[in-house]
>>> print(open('entry-v7.cif').read())   # mmCIF, C-alpha atoms
data_model
#
loop_
_atom_site.group_PDB
_atom_site.id
_atom_site.type_symbol
_atom_site.label_atom_id
_atom_site.label_comp_id
_atom_site.auth_asym_id
_atom_site.auth_seq_id
_atom_site.Cartn_x
_atom_site.Cartn_y
_atom_site.Cartn_z
ATOM 1 C CA MET W 78 -66.298 122.814 109.162
ATOM 2 C CA SER W 79 -68.972 125.273 108.048
ATOM 3 C CA HIS W 80 -67.906 128.085 105.776
ATOM 4 C CA SER W 81 -69.404 131.547 105.453
ATOM 5 C CA GLU W 82 -70.464 132.681 102.019
ATOM 6 C CA PRO W 83 -67.753 134.787 100.293
ATOM 7 C CA LYS W 84 -68.497 138.521 100.266
ATOM 8 C CA LEU W 85 -66.232 139.230 97.334
ATOM 9 C CA GLN W 86 -66.629 137.935 93.815
ATOM 10 C CA GLU W 87 -64.303 137.007 90.969
ATOM 11 C CA GLY W 88 -63.331 140.028 88.890
ATOM 12 C CA GLN W 89 -64.137 142.466 91.712
ATOM 13 C CA GLU W 90 -61.611 145.265 92.382
ATOM 14 C CA VAL W 91 -60.350 145.482 95.951
ATOM 15 C CA PHE W 92 -57.681 147.236 98.016
ATOM 16 C CA TYR W 93 -55.200 145.411 100.219
ATOM 17 C CA VAL W 94 -55.583 147.380 103.437
ATOM 18 C CA LYS W 95 -52.022 146.761 104.704
ATOM 19 C CA ASN W 96 -50.306 148.721 101.949
ATOM 20 C CA GLY W 97 -53.030 150.218 99.765
ATOM 21 C CA ASP W 98 -52.340 148.072 96.693
ATOM 22 C CA LYS W 99 -55.241 147.839 94.264
ATOM 23 C CA MET W 100 -55.905 144.403 92.804
ATOM 24 C CA THR W 101 -58.573 142.148 91.339
ATOM 25 C CA ILE W 102 -60.091 138.960 92.717
ATOM 26 C CA VAL W 103 -59.078 136.056 90.477
ATOM 27 C CA SER W 104 -60.717 133.194 92.376
ATOM 28 C CA TRP W 105 -61.643 132.112 95.869
ATOM 29 C CA SER W 106 -61.605 128.922 97.873
ATOM 30 C CA PHE W 107 -61.807 127.531 101.395
ATOM 31 C CA ASP W 108 -59.038 125.872 103.346
ATOM 32 C CA ASP W 109 -58.965 124.068 106.692
ATOM 33 C CA LYS W 110 -58.138 127.211 108.638
ATOM 34 C CA PRO W 111 -60.669 129.588 110.215
ATOM 35 C CA GLY W 112 -61.074 133.061 108.793
ATOM 36 C CA GLY W 113 -63.426 132.712 105.893
ATOM 37 C CA PRO W 114 -62.627 132.400 102.221
ATOM 38 C CA LEU W 115 -59.121 132.627 100.823
ATOM 39 C CA TYR W 116 -58.908 134.901 97.801
ATOM 40 C CA GLN W 117 -56.346 134.573 95.056
ATOM 41 C CA CYS W 118 -55.693 138.056 93.713
ATOM 42 C CA SER W 119 -54.029 139.621 90.706
ATOM 43 C CA ASP W 120 -50.842 140.232 92.748
ATOM 44 C CA GLY W 121 -50.270 136.470 92.618
ATOM 45 C CA LEU W 122 -50.883 135.984 96.354
ATOM 46 C CA HIS W 123 -53.718 134.653 98.508
ATOM 47 C CA HIS W 124 -55.383 136.984 101.018
ATOM 48 C CA ARG W 125 -57.953 136.643 103.765
ATOM 49 C CA GLU W 126 -61.212 138.509 103.442
ATOM 50 C CA TRP W 127 -60.530 140.859 106.366
ATOM 51 C CA ASN W 128 -57.460 142.237 104.600
ATOM 52 C CA LEU W 129 -59.414 143.216 101.494
ATOM 53 C CA MET W 130 -61.724 146.180 100.971
ATOM 54 C CA PRO W 131 -64.064 146.534 97.949
ATOM 55 C CA ALA W 132 -62.920 149.468 95.820
ATOM 56 C CA ASP W 133 -66.511 150.749 95.364
ATOM 57 C CA GLN W 134 -67.240 150.808 99.112
ATOM 58 C CA LEU W 135 -64.435 153.083 100.238
ATOM 59 C CA SER W 136 -65.364 155.984 102.451
ATOM 60 C CA THR W 137 -63.526 159.296 102.170
ATOM 61 C CA ASP W 138 -61.412 158.428 105.203
ATOM 62 C CA ALA W 139 -60.606 155.045 103.788
ATOM 63 C CA GLU W 140 -59.682 156.591 100.443
ATOM 64 C CA ASN W 141 -57.359 159.047 102.184
ATOM 65 C CA LEU W 142 -55.806 156.200 104.161
ATOM 66 C CA ILE W 143 -55.258 154.192 100.995
ATOM 67 C CA LYS W 144 -53.714 157.269 99.369
ATOM 68 C CA VAL W 145 -51.354 157.772 102.297
ATOM 69 C CA LEU W 146 -50.392 154.102 102.292
ATOM 70 C CA THR W 147 -49.803 154.200 98.543
ATOM 71 C CA GLU W 148 -47.625 157.315 98.767
ATOM 72 C CA THR W 149 -45.713 155.869 101.710
ATOM 73 C CA LYS W 150 -45.077 152.698 99.748
ATOM 74 C CA LYS W 151 -43.868 154.680 96.757
ATOM 75 C CA GLU W 152 -41.517 156.704 98.940
ATOM 76 C CA ALA W 153 -40.195 153.532 100.558
ATOM 77 C CA GLU W 154 -39.619 151.939 97.151
ATOM 78 C CA LYS W 155 -37.930 155.108 95.927
ATOM 79 C CA GLU W 156 -35.670 155.190 99.009
ATOM 80 C CA ALA W 157 -34.833 151.497 98.635
ATOM 81 C CA ALA W 158 -33.952 152.015 94.967
ATOM 82 C CA LYS W 159 -31.761 154.989 95.864
ATOM 83 C CA LYS W 160 -29.986 153.000 98.575
ATOM 84 C CA LYS W 161 -29.402 150.105 96.191
ATOM 85 C CA GLU W 162 -28.012 152.483 93.570
ATOM 86 C CA GLU W 163 -25.669 154.041 96.152
ATOM 87 C CA GLU W 164 -24.508 150.604 97.310
ATOM 88 C CA GLU W 165 -23.825 149.503 93.735
ATOM 89 C CA HIS W 166 -21.870 152.690 93.100
ATOM 90 C CA TYR W 167 -19.901 152.122 96.321
ATOM 91 C CA LYS W 168 -19.169 148.512 95.363
ATOM 92 C CA THR W 169 -17.912 149.510 91.926
ATOM 93 C CA THR W 170 -15.822 152.401 93.260
ATOM 94 C CA LYS W 171 -14.209 150.433 96.089
ATOM 95 C CA THR W 172 -13.617 147.307 94.033
ATOM 96 C CA ASN W 173 -11.856 149.375 91.366
ATOM 97 C CA TYR W 174 -9.871 151.131 94.090
ATOM 98 C CA LEU W 175 -8.797 147.860 95.694
ATOM 99 C CA LYS W 176 -7.767 146.431 92.347
ATOM 100 C CA SER W 177 -5.547 149.468 91.806
ATOM 101 C CA ILE W 178 -3.489 148.771 94.964
ATOM 102 C CA PRO W 179 -0.152 147.046 94.278
ATOM 103 C CA ASP W 180 -0.216 143.337 95.092
ATOM 104 C CA ASN W 181 3.513 142.723 95.223
ATOM 105 C CA LYS W 182 5.145 141.347 98.364
ATOM 106 C CA GLN W 183 8.571 142.847 97.744
ATOM 107 C CA HIS W 184 7.101 146.253 96.967
ATOM 108 C CA ALA W 185 4.974 146.150 100.131
ATOM 109 C CA ILE W 186 7.942 145.158 102.307
ATOM 110 C CA GLU W 187 10.025 148.007 100.890
ATOM 111 C CA GLN W 188 7.472 150.466 102.273
ATOM 112 C CA TRP W 189 8.447 149.225 105.741
ATOM 113 C CA SER W 190 12.257 149.350 105.312
ATOM 114 C CA ILE W 191 12.473 145.681 106.226
ATOM 115 C CA ASP W 192 15.490 143.647 105.121
ATOM 116 C CA ALA W 193 13.796 140.526 103.787
ATOM 117 C CA ASN W 194 17.213 139.087 102.867
ATOM 118 C CA MET W 195 18.533 139.369 106.406
ATOM 119 C CA ASP W 196 20.139 136.153 107.673
ATOM 120 C CA LEU W 197 17.898 135.666 110.666
ATOM 121 C CA ILE W 198 19.878 132.690 111.986
ATOM 122 C CA GLN W 199 23.108 134.677 111.964
ATOM 123 C CA LYS W 200 21.457 137.722 113.530
ATOM 124 C CA ALA W 201 19.972 135.567 116.298
ATOM 125 C CA ALA W 202 23.375 134.024 117.011
ATOM 126 C CA ASP W 203 25.016 137.477 117.020
ATOM 127 C CA PHE W 204 22.353 138.821 119.363
ATOM 128 C CA TYR W 205 22.594 136.091 121.957
ATOM 129 C CA LEU W 206 26.389 135.773 121.870
ATOM 130 C CA THR W 207 27.049 139.508 122.261
ATOM 131 C CA ASN W 208 24.535 139.673 125.107
ATOM 132 C CA GLU W 209 26.266 136.760 126.790
ATOM 133 C CA ALA W 210 29.588 138.585 126.515
ATOM 134 C CA ALA W 211 28.132 141.917 127.694
ATOM 135 C CA MET W 212 26.618 140.351 130.809
ATOM 136 C CA ASP W 213 30.086 139.313 131.972
ATOM 137 C CA PHE W 214 32.183 142.187 130.613
ATOM 138 C CA SER W 215 30.795 145.688 130.041
ATOM 139 C CA VAL W 216 33.397 146.320 127.344
ATOM 140 C CA PHE W 217 31.213 144.261 124.999
ATOM 141 C CA LYS W 218 28.099 146.300 125.764
ATOM 142 C CA PRO W 219 28.337 148.482 122.592
ATOM 143 C CA GLN W 220 28.346 145.377 120.372
ATOM 144 C CA ALA W 221 25.392 143.901 122.250
ATOM 145 C CA GLU W 222 23.429 147.152 122.051
ATOM 146 C CA ALA W 223 24.158 147.521 118.333
ATOM 147 C CA ALA W 224 22.922 143.978 117.627
ATOM 148 C CA ALA W 225 19.791 144.568 119.726
ATOM 149 C CA GLU W 226 18.967 147.975 118.251
ATOM 150 C CA TYR W 227 19.260 146.764 114.660
ATOM 151 C CA LEU W 228 16.952 143.820 115.286
ATOM 152 C CA ALA W 229 14.587 145.957 117.398
ATOM 153 C CA PHE W 230 14.113 148.306 114.444
ATOM 154 C CA GLN W 231 13.592 145.433 112.011
ATOM 155 C CA PHE W 232 11.213 143.598 114.349
ATOM 156 C CA SER W 233 9.199 146.689 115.313
ATOM 157 C CA GLN W 234 8.650 147.490 111.627
ATOM 158 C CA TYR W 235 7.870 143.869 110.885
ATOM 159 C CA LEU W 236 5.371 143.419 113.744
ATOM 160 C CA ALA W 237 3.583 146.634 112.801
ATOM 161 C CA MET W 238 3.346 145.448 109.192
ATOM 162 C CA ALA W 239 2.165 141.975 110.225
ATOM 163 C CA ILE W 240 -0.510 143.459 112.490
ATOM 164 C CA GLY W 241 -1.862 145.467 109.554
ATOM 165 C CA GLY W 242 -1.978 142.313 107.466
ATOM 166 C CA GLU W 243 -3.948 140.526 110.171
ATOM 167 C CA LEU W 244 -6.378 143.424 110.551
ATOM 168 C CA ARG W 245 -7.565 142.805 106.995
ATOM 169 C CA HIS W 246 -9.624 139.919 108.427
ATOM 170 C CA THR W 247 -11.495 142.375 110.654
ATOM 171 C CA LYS W 248 -15.245 142.772 110.195
ATOM 172 C CA THR W 249 -15.519 146.540 110.449
ATOM 173 C CA SER W 250 -19.112 146.483 111.669
ATOM 174 C CA GLU W 251 -18.054 144.772 114.925
ATOM 175 C CA PHE W 252 -16.088 147.799 116.101
ATOM 176 C CA GLN W 253 -18.093 150.800 114.915
ATOM 177 C CA SER W 254 -19.572 151.375 118.376
ATOM 178 C CA TRP W 255 -16.304 151.943 120.229
ATOM 179 C CA VAL W 256 -13.244 152.519 118.038
ATOM 180 C CA SER W 257 -12.153 156.082 117.331
ATOM 181 C CA LYS W 258 -12.938 157.694 113.991
ATOM 182 C CA PRO W 259 -9.307 157.491 112.744
ATOM 183 C CA VAL W 260 -9.159 153.755 113.533
ATOM 184 C CA LEU W 261 -12.547 153.145 111.938
ATOM 185 C CA GLU W 262 -11.291 154.838 108.769
ATOM 186 C CA VAL W 263 -8.296 152.491 108.865
ATOM 187 C CA LEU W 264 -10.506 149.416 109.188
ATOM 188 C CA GLN W 265 -12.722 150.641 106.367
ATOM 189 C CA LYS W 266 -9.648 150.684 104.142
ATOM 190 C CA ILE W 267 -8.155 147.318 105.035
ATOM 191 C CA GLY W 268 -10.904 145.382 106.869
ATOM 192 C CA ARG W 269 -13.614 143.122 105.493
ATOM 193 C CA ASP W 270 -16.562 144.903 103.936
ATOM 194 C CA ARG W 271 -20.088 143.490 103.947
ATOM 195 C CA LEU W 272 -20.820 145.142 100.589
ATOM 196 C CA VAL W 273 -17.592 144.345 98.774
ATOM 197 C CA HIS W 274 -16.756 140.665 98.496
ATOM 198 C CA TYR W 275 -13.358 141.471 96.966
ATOM 199 C CA HIS W 276 -11.048 140.787 99.905
ATOM 200 C CA ILE W 277 -7.673 142.550 99.766
ATOM 201 C CA THR W 278 -4.553 140.410 99.894
ATOM 202 C CA ARG W 279 -1.956 140.501 102.666
ATOM 203 C CA ASN W 280 0.426 142.378 100.359
ATOM 204 C CA GLN W 281 -2.202 145.042 99.652
ATOM 205 C CA ALA W 282 -2.991 145.370 103.350
ATOM 206 C CA TRP W 283 0.718 145.821 104.136
ATOM 207 C CA TYR W 284 0.934 148.521 101.477
ATOM 208 C CA LEU W 285 -2.160 150.427 102.668
ATOM 209 C CA TRP W 286 -1.228 150.036 106.331
ATOM 210 C CA ALA W 287 2.197 151.554 105.582
ATOM 211 C CA GLU W 288 0.507 154.651 104.158
ATOM 212 C CA ILE W 289 -1.475 154.983 107.384
ATOM 213 C CA TYR W 290 1.130 153.956 109.963
ATOM 214 C CA GLN W 291 4.491 155.218 108.687
ATOM 215 C CA PRO W 292 3.795 158.990 108.603
ATOM 216 C CA LYS W 293 2.761 159.032 112.284
ATOM 217 C CA ASP W 294 5.082 159.792 115.181
ATOM 218 C CA THR W 295 5.941 157.118 117.759
ATOM 219 C CA LYS W 296 3.162 158.162 120.148
ATOM 220 C CA LYS W 297 0.455 157.906 117.480
ATOM 221 C CA ARG W 298 1.879 154.637 116.202
ATOM 222 C CA ALA W 299 1.671 153.239 119.715
ATOM 223 C CA ALA W 300 -1.963 154.377 119.966
ATOM 224 C CA LEU W 301 -2.832 152.530 116.734
ATOM 225 C CA ILE W 302 -1.145 149.358 117.983
ATOM 226 C CA ARG W 303 -2.905 149.614 121.343
ATOM 227 C CA THR W 304 -6.277 149.817 119.592
ATOM 228 C CA SER W 305 -5.270 146.904 117.354
ATOM 229 C CA ARG W 306 -4.608 144.879 120.485
ATOM 230 C CA ARG W 307 -8.127 145.613 121.752
ATOM 231 C CA ILE W 308 -9.569 144.592 118.387
ATOM 232 C CA PHE W 309 -7.705 141.276 118.502
ATOM 233 C CA ARG W 310 -8.784 140.702 122.099
ATOM 234 C CA ARG W 311 -12.435 141.720 121.833
ATOM 235 C CA GLY W 312 -13.337 140.667 118.283
ATOM 236 C CA ARG W 313 -15.065 137.453 117.287
ATOM 237 C CA TRP W 314 -12.175 135.531 115.745
ATOM 238 C CA ASN W 315 -11.870 131.899 114.742
ATOM 239 C CA HIS W 316 -8.745 129.902 115.597
ATOM 240 C CA MET W 317 -7.021 130.857 112.325
ATOM 241 C CA PHE W 318 -7.033 134.651 112.651
ATOM 242 C CA GLY W 319 -6.595 137.362 115.268
ATOM 243 C CA GLY W 320 -7.455 136.471 118.834
ATOM 244 C CA ASN W 321 -5.258 136.216 121.925
ATOM 245 C CA ASN W 322 -2.004 135.395 120.127
ATOM 246 C CA TRP W 323 -2.217 138.527 118.013
ATOM 247 C CA SER W 324 -3.273 140.500 121.061
ATOM 248 C CA ALA W 325 -0.009 139.414 122.732
ATOM 249 C CA ILE W 326 1.953 140.367 119.602
ATOM 250 C CA ALA W 327 0.393 143.843 119.576
ATOM 251 C CA ARG W 328 0.978 144.205 123.326
ATOM 252 C CA THR W 329 4.680 143.425 122.869
ATOM 253 C CA LEU W 330 5.070 146.023 120.125
ATOM 254 C CA TYR W 331 3.103 148.589 122.119
ATOM 255 C CA GLY W 332 5.394 148.042 125.122
ATOM 256 C CA TYR W 333 8.448 148.720 122.982
ATOM 257 C CA LEU W 334 7.003 151.787 121.221
ATOM 258 C CA ASN W 335 5.818 153.161 124.543
ATOM 259 C CA GLY W 336 9.262 152.752 126.107
ATOM 260 C CA GLU W 337 8.165 150.113 128.595
ATOM 261 C CA ILE W 338 10.693 147.492 127.474
ATOM 262 C CA THR W 339 14.273 147.774 126.241
ATOM 263 C CA PRO W 340 15.398 146.849 122.719
ATOM 264 C CA THR W 341 17.135 143.759 124.120
ATOM 265 C CA LEU W 342 14.056 142.498 125.958
ATOM 266 C CA PHE W 343 11.871 143.337 122.968
ATOM 267 C CA VAL W 344 14.025 141.337 120.549
ATOM 268 C CA ASP W 345 14.287 138.367 122.903
ATOM 269 C CA THR W 346 10.496 138.378 123.324
ATOM 270 C CA VAL W 347 9.791 138.636 119.588
ATOM 271 C CA PHE W 348 12.014 135.639 118.847
ATOM 272 C CA GLY W 349 9.656 133.538 120.975
ATOM 273 C CA LEU W 350 6.316 134.963 119.803
ATOM 274 C CA TYR W 351 3.849 132.776 117.940
ATOM 275 C CA HIS W 352 0.828 133.742 115.908
ATOM 276 C CA ASN W 353 -1.908 131.148 115.349
ATOM 277 C CA SER W 354 0.195 128.606 113.456
ATOM 278 C CA ASN W 355 3.916 129.412 113.588
ATOM 279 C CA LEU W 356 6.612 131.758 114.856
ATOM 280 C CA VAL W 357 5.443 135.311 114.233
ATOM 281 C CA LEU W 358 8.456 136.127 112.040
ATOM 282 C CA ASP W 359 7.437 133.674 109.298
ATOM 283 C CA LYS W 360 5.629 136.239 107.112
ATOM 284 C CA VAL W 361 8.957 137.433 105.693
ATOM 285 C CA TRP W 362 11.761 135.170 106.898
ATOM 286 C CA ASP W 363 12.247 131.389 106.872
ATOM 287 C CA VAL W 364 11.896 130.285 110.496
ATOM 288 C CA LYS W 365 12.406 126.518 110.154
ATOM 289 C CA LEU W 366 16.063 126.610 111.293
ATOM 290 C CA LEU W 367 15.425 129.538 113.629
ATOM 291 C CA LYS W 368 13.582 127.278 116.053
ATOM 292 C CA HIS W 369 16.658 125.078 116.333
ATOM 293 C CA THR W 370 18.886 128.107 116.929
ATOM 294 C CA LEU W 371 16.586 129.391 119.666
ATOM 295 C CA ASP W 372 16.651 125.957 121.293
ATOM 296 C CA GLU W 373 20.447 126.032 121.240
ATOM 297 C CA ASN W 374 20.441 129.365 123.026
ATOM 298 C CA PHE W 375 17.927 128.051 125.556
ATOM 299 C CA LYS W 376 20.267 125.129 126.252
ATOM 300 C CA HIS W 377 23.166 127.594 126.446
ATOM 301 C CA ASN W 378 24.972 125.843 123.601
ATOM 302 C CA MET W 379 27.327 128.713 122.799
ATOM 303 C CA ASP W 380 29.613 126.609 120.605
ATOM 304 C CA SER W 381 26.760 125.869 118.213
ATOM 305 C CA LEU W 382 25.770 129.553 118.105
ATOM 306 C CA TYR W 383 29.420 130.441 117.437
ATOM 307 C CA ASN W 384 29.327 128.349 114.248
ATOM 308 C CA LYS W 385 26.382 130.450 112.997
ATOM 309 C CA CYS W 386 27.402 133.963 113.977
ATOM 310 C CA SER W 387 29.035 136.644 111.800
ATOM 311 C CA GLU W 388 32.805 137.061 111.488
ATOM 312 C CA ASP W 389 32.707 140.274 113.544
ATOM 313 C CA VAL W 390 30.937 138.519 116.414
ATOM 314 C CA LYS W 391 33.322 135.576 116.205
ATOM 315 C CA GLY W 392 36.044 138.110 117.021
ATOM 316 C CA VAL W 393 33.999 139.338 119.974
ATOM 317 C CA VAL W 394 33.495 135.786 121.239
ATOM 318 C CA SER W 395 37.185 134.933 120.897
ATOM 319 C CA LEU W 396 38.125 138.005 122.917
ATOM 320 C CA TYR W 397 35.382 137.244 125.435
ATOM 321 C CA ARG W 398 36.746 133.726 125.935
ATOM 322 C CA ARG W 399 40.250 135.089 126.492
ATOM 323 C CA PHE W 400 38.912 137.506 129.115
ATOM 324 C CA LYS W 401 36.948 134.748 130.768
ATOM 325 C CA ASN W 402 39.851 132.288 130.768
ATOM 326 C CA TYR W 403 42.154 134.975 132.147
ATOM 327 C CA GLY W 404 39.699 135.687 134.951
ATOM 328 C CA GLU W 405 39.397 132.015 135.797
ATOM 329 C CA ALA W 406 43.153 131.409 135.713
#
>>> encode(input="entry-v7.cif", output="structure tokens")
Amino acid sequence: MSHSEPKLQEGQEVFYVKNGDKMTIVSWSFDDKPGGPLYQCSDGLHHREWNLMPADQLSTDAENLIKVLTETKKEAEKEAAKKKEEEEHYKTTKTNYLKSIPDNKQHAIEQWSIDANMDLIQKAADFYLTNEAAMDFSVFKPQAEAAAEYLAFQFSQYLAMAIGGELRHTKTSEFQSWVSKPVLEVLQKIGRDRLVHYHITRNQAWYLWAEIYQPKDTKKRAALIRTSRRIFRRGRWNHMFGGNNWSAIARTLYGYLNGEITPTLFVDTVFGLYHNSNLVLDKVWDVKLLKHTLDENFKHNMDSLYNKCSEDVKGVVSLYRRFKNYGEA
């Protein structure tokens, strides 16, 4: 391959026409590619001849262009430095803020008025036995409603709390184009942040979510849960977090808050809800034996449920059996 004679010499000052940088030719050489000599310059890079302009051959227009390019570059560097400084300040501020949030499970649960010591097996047995009695004899309806309403309150608080904990896995940037400003502010508090690698714990998310969710009335709570459902349904989730299971959980809570389903139906539904790896209630309560209790109810094994229910409900069941035996006599 023939090579043209280099027009620039070692030690010669030149301008890089793409950004206006002034540099000096260190050496030159040829390679196997077309385009003339390849110049190594004082910026440590190699440049083609057509991108270099001798400093002593600049016209007035070229000088003005170089000046504009130089000023533009300086402004860009200044802006980039300012942005980096702001990002570093944001990282420091938010990281310190996140570290200041309590990371205590019991303390977080207390914000939600949830009875973590509740005997879930006993409550499940009470719920299903009183409902069985109420379906046959209306006199037992108050007991059934009381059992359902207590669990409905506990479960509605629990599901709301659990949803907030799951939202901490949200990548906020995915939803900026369509979520409302209040919801975006929520996600910015508890969701994943591209600038801050410090990921808040579930306990911290529960605590922060309580501050956001609890002061609102039922209508606004329902609106937050409805948006959460859309986030779970539309977001890019892996099999471990969010997704359709959490969308169903949020839909169930929304139906209850919005008055679409009764406390009894809500409680019965929650007992059977799963998140991505277990029964949804496992964030606070031990659910290993609960599965067996739910199976017993499904098989209509009332005797087994009777052995697990509270003393008050045992009295209800005894009376119920007397009524039933009397009716069948």
>>> closest_residue(input="entry-v7.cif", among="W:Met130, W:Ala224, W:Ile191, W:Leu334", to="W:Tyr205", atoms="only C-alpha atoms")
W:Ala224
>>> resolve_selection(input="entry-v7.cif", expression="the PyMOL selection byres ((chain W and resi 196-198) around 10)", output="mmCIF file with C-alpha atoms, in the frame of the given file")
data_model
loop_
_atom_site.group_PDB
_atom_site.id
_atom_site.type_symbol
_atom_site.label_atom_id
_atom_site.label_comp_id
_atom_site.auth_asym_id
_atom_site.auth_seq_id
_atom_site.Cartn_x
_atom_site.Cartn_y
_atom_site.Cartn_z
ATOM 1 C CA ASP W 192 15.490 143.647 105.121
ATOM 2 C CA ALA W 193 13.796 140.526 103.787
ATOM 3 C CA ASN W 194 17.213 139.087 102.867
ATOM 4 C CA MET W 195 18.533 139.369 106.406
ATOM 5 C CA GLN W 199 23.108 134.677 111.964
ATOM 6 C CA LYS W 200 21.457 137.722 113.530
ATOM 7 C CA ALA W 201 19.972 135.567 116.298
ATOM 8 C CA ALA W 202 23.375 134.024 117.011
ATOM 9 C CA ASP W 203 25.016 137.477 117.020
ATOM 10 C CA PHE W 204 22.353 138.821 119.363
ATOM 11 C CA LEU W 228 16.952 143.820 115.286
ATOM 12 C CA LEU W 358 8.456 136.127 112.040
ATOM 13 C CA TRP W 362 11.761 135.170 106.898
ATOM 14 C CA ASP W 363 12.247 131.389 106.872
ATOM 15 C CA VAL W 364 11.896 130.285 110.496
ATOM 16 C CA LYS W 365 12.406 126.518 110.154
ATOM 17 C CA LEU W 366 16.063 126.610 111.293
ATOM 18 C CA LEU W 367 15.425 129.538 113.629
ATOM 19 C CA LYS W 368 13.582 127.278 116.053
ATOM 20 C CA HIS W 369 16.658 125.078 116.333
ATOM 21 C CA THR W 370 18.886 128.107 116.929
ATOM 22 C CA LEU W 371 16.586 129.391 119.666
ATOM 23 C CA LEU W 382 25.770 129.553 118.105
ATOM 24 C CA LYS W 385 26.382 130.450 112.997
ATOM 25 C CA CYS W 386 27.402 133.963 113.977
ATOM 26 C CA SER W 387 29.035 136.644 111.800
#
>>> residues_around(input="entry-v7.cif", residues="stretch 281-290 of chain W", least_positions_apart="4", cutoff="10 Å", atoms="all atoms listed in the file", output="ChimeraX atom specification")
/W:175-182,184-189,234,237-246,259-260,262-264,266-268,276-277,294-295,297-299,301-302
>>> write_last_selection(input="entry-v7.cif", atoms="C-alpha atoms", output="short mmCIF file (atom, residue, chain, number, x, y, z; two decimals), in the frame of the given file")
data_model
loop_
_atom_site.label_atom_id
_atom_site.label_comp_id
_atom_site.auth_asym_id
_atom_site.auth_seq_id
_atom_site.Cartn_x
_atom_site.Cartn_y
_atom_site.Cartn_z
CA LEU W 175 -8.80 147.86 95.69
CA LYS W 176 -7.77 146.43 92.35
CA SER W 177 -5.55 149.47 91.81
CA ILE W 178 -3.49 148.77 94.96
CA PRO W 179 -0.15 147.05 94.28
CA ASP W 180 -0.22 143.34 95.09
CA ASN W 181 3.51 142.72 95.22
CA LYS W 182 5.14 141.35 98.36
CA HIS W 184 7.10 146.25 96.97
CA ALA W 185 4.97 146.15 100.13
CA ILE W 186 7.94 145.16 102.31
CA GLU W 187 10.02 148.01 100.89
CA GLN W 188 7.47 150.47 102.27
CA TRP W 189 8.45 149.22 105.74
CA GLN W 234 8.65 147.49 111.63
CA ALA W 237 3.58 146.63 112.80
CA MET W 238 3.35 145.45 109.19
CA ALA W 239 2.16 141.98 110.22
CA ILE W 240 -0.51 143.46 112.49
CA GLY W 241 -1.86 145.47 109.55
CA GLY W 242 -1.98 142.31 107.47
CA GLU W 243 -3.95 140.53 110.17
CA LEU W 244 -6.38 143.42 110.55
CA ARG W 245 -7.56 142.80 107.00
CA HIS W 246 -9.62 139.92 108.43
CA PRO W 259 -9.31 157.49 112.74
CA VAL W 260 -9.16 153.76 113.53
CA GLU W 262 -11.29 154.84 108.77
CA VAL W 263 -8.30 152.49 108.86
CA LEU W 264 -10.51 149.42 109.19
CA LYS W 266 -9.65 150.68 104.14
CA ILE W 267 -8.15 147.32 105.04
CA GLY W 268 -10.90 145.38 106.87
CA HIS W 276 -11.05 140.79 99.90
CA ILE W 277 -7.67 142.55 99.77
CA ASP W 294 5.08 159.79 115.18
CA THR W 295 5.94 157.12 117.76
CA LYS W 297 0.46 157.91 117.48
CA ARG W 298 1.88 154.64 116.20
CA ALA W 299 1.67 153.24 119.72
CA LEU W 301 -2.83 152.53 116.73
CA ILE W 302 -1.14 149.36 117.98
#
>>> residues_around(input="entry-v7.cif", residues="stretch 390-403 of chain W", least_positions_apart="5", cutoff="9 Å", atoms="only C-alpha atoms", output="list in words")
Ala202, Asp203, Leu206, Thr207, Ala210, Ala211, Asp213, Phe214, Phe217, Gln220, Tyr383 and Asn384 of chain W
>>> resolve_selection(input="entry-v7.cif", expression="the PyMOL selection byres ((chain W and resi 119) around 8)", output="PyMOL selection string")
chain W and resi 100-103+117-118+120-122
>>> resolve_selection(input="entry-v7.cif", expression="the PyMOL selection byres ((chain W and resi 345-356) around 8)", output="list in words")
Phe232, His316, Met317, Phe318, Gly319, Asn322, Trp323, Ile326, Thr329, Thr341, Leu342, Phe343, Val344, Val357, Leu358, Asp359, Val364 and Leu371 of chain W
>>> closest_residue(input="entry-v7.cif", among="W:Asp372, W:Gly97, W:Ser233, W:Arg125", to="W:Lys110", atoms="only C-alpha atoms")
W:Arg125
>>> closest_residue(input="entry-v7.cif", among="W:Ser305, W:His377, W:Gly312, W:Glu164", to="W:Leu330", atoms="all atoms listed in the file")
W:Ser305
>>> residues_near_point(input="entry-v7.cif", point="(-59.3, 131.5, 104.0)", cutoff="10 Å", atoms="all atoms listed in the file", output="PDB file with C-alpha atoms, in the frame of the given file")
ATOM      1  CA  HIS W  80     -67.906 128.085 105.776  1.00  0.00           C
ATOM      2  CA  PRO W  83     -67.753 134.787 100.293  1.00  0.00           C
ATOM      3  CA  TRP W 105     -61.643 132.112  95.869  1.00  0.00           C
ATOM      4  CA  SER W 106     -61.605 128.922  97.873  1.00  0.00           C
ATOM      5  CA  PHE W 107     -61.807 127.531 101.395  1.00  0.00           C
ATOM      6  CA  ASP W 108     -59.038 125.872 103.346  1.00  0.00           C
ATOM      7  CA  ASP W 109     -58.965 124.068 106.692  1.00  0.00           C
ATOM      8  CA  LYS W 110     -58.138 127.211 108.638  1.00  0.00           C
ATOM      9  CA  PRO W 111     -60.669 129.588 110.215  1.00  0.00           C
ATOM     10  CA  GLY W 112     -61.074 133.061 108.793  1.00  0.00           C
ATOM     11  CA  GLY W 113     -63.426 132.712 105.893  1.00  0.00           C
ATOM     12  CA  PRO W 114     -62.627 132.400 102.221  1.00  0.00           C
ATOM     13  CA  LEU W 115     -59.121 132.627 100.823  1.00  0.00           C
ATOM     14  CA  TYR W 116     -58.908 134.901  97.801  1.00  0.00           C
ATOM     15  CA  GLN W 117     -56.346 134.573  95.056  1.00  0.00           C
ATOM     16  CA  HIS W 123     -53.718 134.653  98.508  1.00  0.00           C
ATOM     17  CA  HIS W 124     -55.383 136.984 101.018  1.00  0.00           C
ATOM     18  CA  ARG W 125     -57.953 136.643 103.765  1.00  0.00           C
ATOM     19  CA  GLU W 126     -61.212 138.509 103.442  1.00  0.00           C
ATOM     20  CA  TRP W 127     -60.530 140.859 106.366  1.00  0.00           C
TER      21      TRP W 127
END
